[in-house]
Every structure is written in structure tokens, then in C-alpha cells.
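Everything on this sheet refers to the single structure shown next.
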Amino acid sequence: MARSNKVLVVAGALGTAAAVGFLMQIGSTQVVQQQSPAEPMQTAALAMPEPAHPGVAKPLELSGIALTSSLSDRPDAPRSLAAPTRAPQVTAMVDRIPDALPNAERLDSECPVTLKAENSIAALVNLKFSSKCDPYTRVTFTHEGLVFSELTDSTGSIEIAVPALVENARFTADLPVGDAAVALVTVESVVFYDRAVLQGIGQTGMTLHALEFGAGYDADGHVWVDTPRDPTIAARGEGGFMMTLGDPTLPESTIAQVYTFPSGTARNGGKVRLSVEAEVLAETCERDVSAQVFQISSGARINSQELTIAMPTCDAVGDYLLLNTPLNDLKIASR
């Protein structure tokens with residue numbers, strides 16, 4: 001990260017925790033096979049970060065961090081929602097249609113809304129959304145608590161890879177006018193992966209970091225949004241990767257960062273330390289910011305917390321809060 005800013009280390013615990021700040025100097029594609037399981041990969045287990053940077057200076061007082069169990073779109077850009085050309089229609093939910101097909105499609109001869117799902121590598125699912133009557137329109141995707149917003153292209157389409165969080169995966173795509181589509185897919189390889197998710201609405205300044213096997217910041221094993229890696233690395237059991245989901249240009253867009261490690265097929269053993277940093281922005285200083293973190297291991301949720309942070313004064317813009325969140329370290333046994 002090569003930063004020279006200050007880092008405030010904030011200690012948090014389950015429930016409500018007092019926040020203690022310390023001022024510190026810092027040195028700073030998937031191959032698709034529809035309805036067939038992705039091949040097994042190699043993995044690790046998630047860990048808590050150690051302080052990012054050396055050198056302690058004077059203390060700085062902060063308001064508290066509230067950690068509670070469990071989380072929650074914005075006007076479209078360039079298309080106006082002010083006068084819909086058609087009445088809202090909703091694709092029937094799969095759980096109300098026992099014989100629903102894995103790729104659900106709304107039956108509308110003029111404006112069909114469809115969502116298709118196909119397996120890919122590293123327990124990813126390739127989603128293909130289409131609604132020809134909705135170019136440049138916001139679509140909100142949901143999957144097992146994962147939420148993010150994307151914008152359709154000129155043809156009303158979106159194609160995106162999304163990490164599966166459970167074996168029997170259900171994905172929903174919602175349009176602002178009320179239309180929706182659902183897709184189901186079985187992802188058997190999800191049991192070989194651990195995932196950590198950080199998601200929030202709008203500009204929070206928060207980022208998820210993974211330090212693999214003793215790596216420091218800016219080293220090869222430091223995985224975050226600026227060095228996300230390719231999913232093929234996890235498919236080979238060589239390390240983890242990061243994906244960012246959501247369009248940040250959409251007002252009040254929901255953005256999700258998902259870190260994946262192949263714990264079940266990892267070639268190397270050791271620890272993977274996870275941390276969350278919050279940069280103090282002009283938009284967030286002297287305000288409360290919120291986000292949700294949760295973890296998935298072997299296709300089951302093992303951790304879920306909502307973070308509420310009272311950001312420091314605007315004199316601290318450009319500095320960072322390093323949060324000791326309830327994320328669990330990954331303890332990896334080599335295969």
C-alpha cells in the first residue's frame with residue numbers, strides 16, 4: 001500500500017466494545033460448465049490481522065465500535081425511473097414453484113426478464129441477466145446475505161461472476177420497477193473454500209485485507225482490492241483472491257468485497273490473517289459509518305457481525321482505522 005499516513009488501531013469485541021486508538025506511522029475468468037460442479041481446489045482458514053505498521057505515536061481518542069449480530073439502492077444513472085413504460089411484474093419465487101427450472105425466466109413476450117447461472121472455477125457462478133426493456137438500469141443482486149448493485153448495458157444485460165456461498169445456490173436479480181428473476185445452481189466445490197465478506201452502502205472507506213502465511217503489507221501474500229489476484233490461483237490451491245462486486249458510480253450503491261481461500265486444497269500450510277481498514281474520507285469524517293462482515297466455511301456461515309464506527313474529526317482525512325473485527329483467522333493445513 002506504500003502509505004505514509006497514520007493508522008489508528010481499533011480493538012473490538014463481540015457485542016459493544018470500547019474503541020482505543022493508537023496513532024502509528026506506517027511505511028507506508030472463468031471457464032463455465034452449466035450445472036456441473038467446479039473442480040475441487042485447495043484451501044485455508046481465516047485469521048485476525050496483526051497491527052499493520054510499526055512505530056507508536058500519541059494516543060487519539062475515538063468513539064466506540066458497535067458490533068451486533070447480523071445488515072441492508074439509489075436512483076439509476078442515465079435512465080430515469082419517473083415514468084415506467086410498463087407495469088411491474090415479478091418472476092415467481094422459486095420456493096413457490098416446486099418444479100421451477102434452475103434458470104428461472106419471467107414469461108413476458110414484450111419485456112422478458114431472465115437470469116441464468118452457470119458453474120465456474122473456484123466455486124464461482126457466472127450470472128447472465130437480461131431485460132431488453134431496461135438499458136442502463138440498476139439491478140440489485142442477492143445471494144445468501146450477499147447484496148450488491150450493478151448497472152445494465154445498452155442492451156439491458158449484465159454478465160458477472162459471483163462467489164457461491166452455499167452448495168444449493170439461489171441468486172435473485174431485482175429491478176427498481178418491481179420485476180425480478182431467480183436462478184438456481186448446484187455448486188458442489190463450495191465446500192473446499194473459505195470466504196470472508198465485507199459489504200456496505202455508499203462510500204464507507206472500508207477495505208478488506210488478507211495477509212497470507214506471514215506476508216506483510218505490499219508483499220506477494222497481501223491480497224486486497226488493489227492486488228486482487230486471479231481466481232485461477234485458488235483453483236490451483238496456490239492462494240486466495242479478492243473480488244469486488246457492485247457499481248460504485250451508482251448513488252448509495254451496495255458494494256461487497258469477497259476474499260476466497262482454497263482451504264480444502266491448499267498446497268501450503270499456515271495462517272491467513274484477515275483485517276478491515278477504514279480510511280477517513282471527507283465524506284465520512286465526523287460521521288458514523290456502517291458495514292457488515294461475515295464468513296463462510298465449507299458452505300456454512302460461521303460468523304456475522306455489523307460494524308458501526310464513529311469516524312474521527314476531519315483533521316484526520318487520509319488516515320486509516322485498523323479494525324480488529326470478529327473475523328476468524330484461517331488456519332491452513334497443507335495437502
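Chain labels A, B, ... are given in the sequence in which chains occur in the C-alpha cells; within each chain residues are numbered consecutively from 1, and ligands are likewise numbered from 1 in the order shown.
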
Select from stretch 196-278 of chain A every residue with an atom at most 6 Å from any atom of stretch 290-312 of chain A, then for each give the shortest pair of atoms and their distance in Å to one decimal, using only C-alpha atoms, rows by chain and rising number, as a tab-separated table.
residue	atom	partner	partner_atom	distance
A:Ala196	CA	A:Gln295	CA	4.4
A:Val197	CA	A:Phe294	CA	5.3
A:Leu198	CA	A:Val293	CA	4.6
A:Gln199	CA	A:Gln292	CA	5.4
A:Gly200	CA	A:Ala291	CA	4.4

Please identify every residue of stretch 300-330 of chain A that has at least one atom no farther than 12 Å from an atom of stretch 252-265 of chain A, counting only C-alpha atoms, and for each give the shortest atom pair and the distance in Å to one decimal, arranged by chain then increasing number, as a Markdown table.
| residue | atom | partner | partner_atom | distance |
| --- | --- | --- | --- | --- |
| A:Leu327 | CA | A:Tyr259 | CA | 11.8 |
| A:Asp329 | CA | A:Phe261 | CA | 11.6 |
| A:Leu330 | CA | A:Ser263 | CA | 8.1 |
